[in-house]
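Shown below: protein.pdb, with PDB, C-alpha atoms.
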```pdb
ATOM      1  CA  GLU A   1     -38.222  98.820  74.964
ATOM      2  CA  TYR A   2     -40.278 100.054  71.988
ATOM      3  CA  LEU A   3     -37.293  99.969  69.625
ATOM      4  CA  ASP A   4     -36.355  96.486  70.837
ATOM      5  CA  HIS A   5     -39.923  95.359  70.121
ATOM      6  CA  LEU A   6     -39.692  96.813  66.596
ATOM      7  CA  LYS A   7     -36.345  95.121  65.996
ATOM      8  CA  GLN A   8     -37.512  91.693  67.168
ATOM      9  CA  ASN A   9     -41.051  91.689  65.790
ATOM     10  CA  LEU A  10     -40.625  93.641  62.566
ATOM     11  CA  PHE A  11     -37.024  93.804  61.349
ATOM     12  CA  GLN A  12     -36.277  90.177  62.203
ATOM     13  CA  SER A  13     -39.548  88.818  60.791
ATOM     14  CA  ALA A  14     -39.839  86.708  57.649
ATOM     15  CA  GLU A  15     -42.469  89.143  56.318
ATOM     16  CA  PHE A  16     -40.067  92.082  56.557
ATOM     17  CA  GLY A  17     -37.340  89.984  54.923
ATOM     18  CA  ARG A  18     -39.665  89.210  52.012
ATOM     19  CA  TRP A  19     -40.660  92.888  51.732
ATOM     20  CA  ILE A  20     -37.104  94.261  51.583
ATOM     21  CA  GLY A  21     -36.161  91.421  49.227
ATOM     22  CA  TRP A  22     -38.982  92.451  46.909
ATOM     23  CA  LEU A  23     -38.326  96.188  47.322
ATOM     24  CA  SER A  24     -34.611  95.876  46.644
ATOM     25  CA  SER A  25     -34.887  93.094  44.027
ATOM     26  CA  LEU A  26     -32.192  91.241  45.963
ATOM     27  CA  GLY A  27     -34.346  88.329  47.104
ATOM     28  CA  PHE A  28     -34.960  86.969  50.572
ATOM     29  CA  PRO A  29     -32.094  87.762  52.975
ATOM     30  CA  LEU A  30     -29.851  84.860  53.943
ATOM     31  CA  GLY A  31     -29.226  86.193  57.451
ATOM     32  CA  TYR A  32     -29.003  89.379  59.484
ATOM     33  CA  ARG A  33     -27.236  91.080  62.366
ATOM     34  CA  GLY A  34     -27.817  94.426  63.968
ATOM     35  CA  ARG A  35     -28.466  96.549  66.988
ATOM     36  CA  ILE A  36     -30.335  99.469  68.452
ATOM     37  CA  ARG A  37     -28.118 102.518  68.792
ATOM     38  CA  ARG A  38     -28.268 105.937  70.420
ATOM     39  CA  PHE A  39     -25.927 108.792  69.521
ATOM     40  CA  ARG A  40     -26.029 111.634  72.047
ATOM     41  CA  PRO A  41     -25.108 115.214  71.117
ATOM     42  CA  GLY A  42     -21.475 115.924  71.924
ATOM     43  CA  LEU A  43     -20.718 112.331  72.906
ATOM     44  CA  ASP A  44     -21.236 109.538  70.391
ATOM     45  CA  TYR A  45     -20.145 108.301  66.951
ATOM     46  CA  THR A  46     -18.929 105.134  65.251
ATOM     47  CA  VAL A  47     -15.561 104.535  63.629
ATOM     48  CA  ALA A  48     -14.821 103.233  60.141
ATOM     49  CA  HIS A  49     -12.263 100.447  60.449
ATOM     50  CA  TYR A  50     -11.138  97.480  58.415
ATOM     51  CA  GLY A  51     -12.820  95.078  60.863
ATOM     52  CA  ILE A  52     -16.258  96.113  59.562
ATOM     53  CA  LEU A  53     -15.519  95.175  55.965
ATOM     54  CA  THR A  54     -17.638  92.286  54.736
ATOM     55  CA  THR A  55     -16.599  89.607  52.287
ATOM     56  CA  ASN A  56     -20.089  89.550  50.771
ATOM     57  CA  ALA A  57     -22.574  92.230  49.789
ATOM     58  CA  VAL A  58     -25.079  93.318  52.457
ATOM     59  CA  LEU A  59     -28.227  95.409  52.510
ATOM     60  CA  ASP A  60     -27.960  98.009  55.288
ATOM     61  CA  THR A  61     -31.382  98.805  56.705
ATOM     62  CA  THR A  62     -31.631 101.703  59.146
ATOM     63  CA  LEU A  63     -34.741 103.144  60.773
ATOM     64  CA  CYS A  64     -33.723 106.521  62.205
ATOM     65  CA  PHE A  65     -35.379 108.670  64.867
ATOM     66  CA  CYS A  66     -34.210 112.162  65.763
ATOM     67  CA  GLY A  67     -35.588 115.647  66.377
ATOM     68  CA  GLY A  68     -37.595 117.047  63.475
ATOM     69  CA  GLU A  69     -40.556 116.038  61.370
ATOM     70  CA  GLY A  70     -38.733 113.888  58.810
ATOM     71  CA  ASN A  71     -39.382 116.256  55.911
ATOM     72  CA  GLN A  72     -36.803 117.303  53.380
ATOM     73  CA  CYS A  73     -36.237 121.064  53.542
ATOM     74  CA  SER A  74     -36.211 123.378  50.564
ATOM     75  CA  PHE A  75     -35.150 126.969  50.028
ATOM     76  CA  ASP A  76     -37.574 129.550  48.627
ATOM     77  CA  GLU A  77     -35.435 131.843  46.467
ATOM     78  CA  GLU A  78     -38.155 134.505  46.215
ATOM     79  CA  THR A  79     -38.461 135.008  49.974
ATOM     80  CA  ASN A  80     -34.957 133.791  50.924
ATOM     81  CA  GLU A  81     -36.536 131.537  53.533
ATOM     82  CA  LEU A  82     -36.101 127.909  54.421
ATOM     83  CA  ILE A  83     -39.245 125.843  54.043
ATOM     84  CA  GLY A  84     -39.387 123.068  56.627
ATOM     85  CA  SER A  85     -38.681 122.662  60.326
ATOM     86  CA  ASP A  86     -35.514 124.060  61.853
ATOM     87  CA  ASP A  87     -34.553 120.640  63.261
ATOM     88  CA  ASP A  88     -34.897 118.987  59.845
ATOM     89  CA  ALA A  89     -32.710 121.685  58.300
ATOM     90  CA  ILE A  90     -30.031 121.284  60.972
ATOM     91  CA  TRP A  91     -29.806 117.507  60.467
ATOM     92  CA  GLU A  92     -29.948 117.805  56.674
ATOM     93  CA  SER A  93     -27.112 120.346  56.567
ATOM     94  CA  GLY A  94     -24.682 117.846  58.066
ATOM     95  CA  ASP A  95     -23.168 120.623  60.185
ATOM     96  CA  VAL A  96     -23.977 118.767  63.434
ATOM     97  CA  GLY A  97     -22.931 115.352  62.115
ATOM     98  CA  GLY A  98     -25.107 112.371  62.923
ATOM     99  CA  PHE A  99     -25.204 111.259  59.290
ATOM    100  CA  GLU A 100     -24.320 107.764  58.154
ATOM    101  CA  CYS A 101     -21.386 107.893  55.762
ATOM    102  CA  TYR A 102     -20.247 105.225  53.308
ATOM    103  CA  ILE A 103     -16.658 105.344  52.107
ATOM    104  CA  GLU A 104     -14.452 103.249  49.879
ATOM    105  CA  ALA A 105     -11.726 101.375  51.733
ATOM    106  CA  ASP A 106      -8.232 102.047  50.438
ATOM    107  CA  ASP A 107      -5.849  99.192  49.785
ATOM    108  CA  ASP A 108      -3.138 100.685  51.964
ATOM    109  CA  ASP A 109      -3.286 100.254  55.737
ATOM    110  CA  GLU A 110      -3.187 103.872  56.945
ATOM    111  CA  GLY A 111      -6.018 103.376  59.424
ATOM    112  CA  ALA A 112      -9.593 104.579  59.679
ATOM    113  CA  GLU A 113      -8.740 108.157  60.617
ATOM    114  CA  ALA A 114      -7.032 108.558  57.240
ATOM    115  CA  GLU A 115     -10.063 107.200  55.348
ATOM    116  CA  TYR A 116     -12.569 110.030  55.838
ATOM    117  CA  ASP A 117     -11.728 113.467  54.600
ATOM    118  CA  GLU A 118     -14.441 115.909  53.533
ATOM    119  CA  GLU A 119     -12.312 116.854  50.506
ATOM    120  CA  ASP A 120     -11.510 113.229  49.600
ATOM    121  CA  ASP A 121     -13.232 111.361  46.797
ATOM    122  CA  THR A 122     -13.558 108.082  48.725
ATOM    123  CA  GLN A 123     -16.951 109.161  50.137
ATOM    124  CA  LEU A 124     -19.605 107.241  48.231
ATOM    125  CA  LEU A 125     -22.824 108.183  50.038
ATOM    126  CA  SER A 126     -24.008 110.215  52.990
ATOM    127  CA  VAL A 127     -27.446 109.620  54.566
ATOM    128  CA  SER A 128     -28.645 112.466  56.809
ATOM    129  CA  ALA A 129     -30.408 111.718  60.067
ATOM    130  CA  SER A 130     -34.147 112.240  59.648
ATOM    131  CA  PHE A 131     -37.101 111.498  61.913
ATOM    132  CA  ASN A 132     -38.915 108.195  61.294
ATOM    133  CA  THR A 133     -37.016 107.490  58.079
ATOM    134  CA  LEU A 134     -36.083 104.070  56.726
ATOM    135  CA  SER A 135     -32.993 103.891  54.537
ATOM    136  CA  LEU A 136     -31.893 100.897  52.488
ATOM    137  CA  VAL A 137     -28.323 100.913  51.176
ATOM    138  CA  TYR A 138     -26.727  98.101  49.187
ATOM    139  CA  ARG A 139     -23.118  97.847  50.390
ATOM    140  CA  ASP A 140     -20.467  96.074  48.335
ATOM    141  CA  PRO A 141     -17.472  94.365  49.903
ATOM    142  CA  GLY A 142     -14.738  96.984  50.289
ATOM    143  CA  THR A 143     -17.115  99.682  51.519
ATOM    144  CA  MET A 144     -16.982 100.951  55.101
ATOM    145  CA  LYS A 145     -19.682 102.873  56.947
ATOM    146  CA  PHE A 146     -19.799 104.965  60.071
ATOM    147  CA  VAL A 147     -21.998 107.501  61.863
ATOM    148  CA  LYS A 148     -20.337 110.900  62.015
ATOM    149  CA  TYR A 149     -19.831 112.412  65.484
ATOM    150  CA  VAL A 150     -23.054 114.066  66.699
ATOM    151  CA  GLY A 151     -22.049 117.619  67.605
ATOM    152  CA  SER A 152     -23.223 119.345  70.764
ATOM    153  CA  GLY A 153     -25.373 121.682  68.628
ATOM    154  CA  ALA A 154     -27.568 118.796  67.421
ATOM    155  CA  PRO A 155     -31.273 119.305  68.199
ATOM    156  CA  SER A 156     -31.587 115.843  69.792
ATOM    157  CA  SER A 157     -30.049 112.423  70.099
ATOM    158  CA  ARG A 158     -30.085 110.190  67.049
ATOM    159  CA  TRP A 159     -31.689 106.794  67.739
ATOM    160  CA  ASP A 160     -31.762 104.034  65.172
ATOM    161  CA  ILE A 161     -32.374 100.375  64.523
ATOM    162  CA  ALA A 162     -29.570  99.299  62.199
ATOM    163  CA  LEU A 163     -29.429  95.863  60.617
ATOM    164  CA  GLU A 164     -27.258  94.301  57.929
ATOM    165  CA  TYR A 165     -28.995  91.701  55.815
ATOM    166  CA  ASP A 166     -26.828  89.166  54.003
ATOM    167  CA  VAL A 167     -27.914  88.956  50.381
ATOM    168  CA  LYS A 168     -26.874  86.629  47.612
ATOM    169  CA  ILE A 169     -26.100  88.112  44.239
ATOM    170  CA  ASP A 170     -25.861  85.715  41.330
ATOM    171  CA  GLU A 171     -22.637  86.613  39.513
ATOM    172  CA  ASP A 172     -24.255  85.680  36.180
ATOM    173  CA  ASP A 173     -27.373  87.767  36.843
ATOM    174  CA  ASP A 174     -27.187  90.957  34.771
ATOM    175  CA  GLU A 175     -30.360  92.289  36.423
ATOM    176  CA  HIS A 176     -28.323  93.662  39.371
ATOM    177  CA  GLN A 177     -25.403  94.920  37.285
ATOM    178  CA  LEU A 178     -25.054  98.518  36.192
ATOM    179  CA  PRO A 179     -24.576  98.960  32.427
ATOM    180  CA  THR A 180     -21.044  99.633  31.257
ATOM    181  CA  ASP A 181     -20.129 102.587  29.056
ATOM    182  CA  GLU A 182     -20.185 100.360  25.980
ATOM    183  CA  GLU A 183     -23.799  99.318  26.719
ATOM    184  CA  ASN A 184     -25.090 102.901  27.011
TER     185      ASN A 184
END
```

Mind turning the file's structure into structure tokens?
Amino acid sequence: EYLDHLKQNLFQSAEFGRWIGWLSSLGFPLGYRGRIRRFRPGLDYTVAHYGILTTNAVLDTTLCFCGGEGNQCSFDEETNELIGSDDDAIWESGDVGGFECYIEADDDDEGAEAEYDEEDDTQLLSVSASFNTLSLVYRDPGTMKFVKYVGSGAPSSRWDIALEYDVKIDEDDDEHQLPTDEEN
């Protein structure tokens, strides 16, 4: 109920749309779609498939809740100890899954199971599950995303509010373009 309230009254509000448009420099979103999700340890995941490819760029906005404090862990080399909570370290390691992964779609039609390989170079970005953390990811057409299987050793379920905001990029607008090698 609480997450549904957040989705309807915050994520779908015009004020939030203006804020992420300003924050991302992408302007006011043209539309959105999304859902509230729960991934239980040992049970749940999503699948990367060609049906999730978009023809236009989108801004993925995910508010994640899971066990931990939401702090990035660090390693103290002098004491050989991890600084941060155990739950944060477990999620951050990726060993229990639960991270959102962005991969480049291949042109061939081998299927989603052939797309993700930990040794493959098609992985573009991986966002670890972290308590009370908002992530914004600009996703080009041709990029797939999925949530990696949450292993039974995960400290908790992963809950999130995940929305895709349709954004319009002006093809002539160099502000959103990365510089080419010649421009550097």

*Non-local contacts of A:Thr133 (8 Å; only C-alpha atoms; under 6 positions in same chain excluded) as a PyMOL selection string*: chain A and resi 62-65+70

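Restricting the calculation to only C-alpha atoms, the smallest distance between A:Glu104 and any of A:Met144, A:Ile20, A:Ala154, A:Leu30 is found for A:Met144.
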
*Interatomic distance between atom CA of A:Tyr149 and atom CA of A:Ala105?*
19.4 Å

*asked:* The residues within 9 Å of (-37.0, 113.4, 58.8), using only C-alpha atoms and the coordinates of the file, should be reported as a list in words; which are they?
replied: Cys64, Phe65, Cys66, Gly67, Gly68, Glu69, Gly70, Asn71, Gln72, Asp87, Asp88, Trp91, Glu92, Ser128, Ala129, Ser130, Phe131, Asn132 and Thr133 of chain A

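The residues caught by the PyMOL selection byres ((chain A and resi 151) around 12) in this file are Phe39, Arg40, Pro41, Gly42, Leu43, Asp44, Tyr45, Ile90, Trp91, Gly94, Asp95, Val96, Gly97, Gly98, Phe99, Val147, Lys148, Tyr149, Val150, Ser152, Gly153, Ala154, Pro155, Ser156, Ser157 and Arg158 of chain A.
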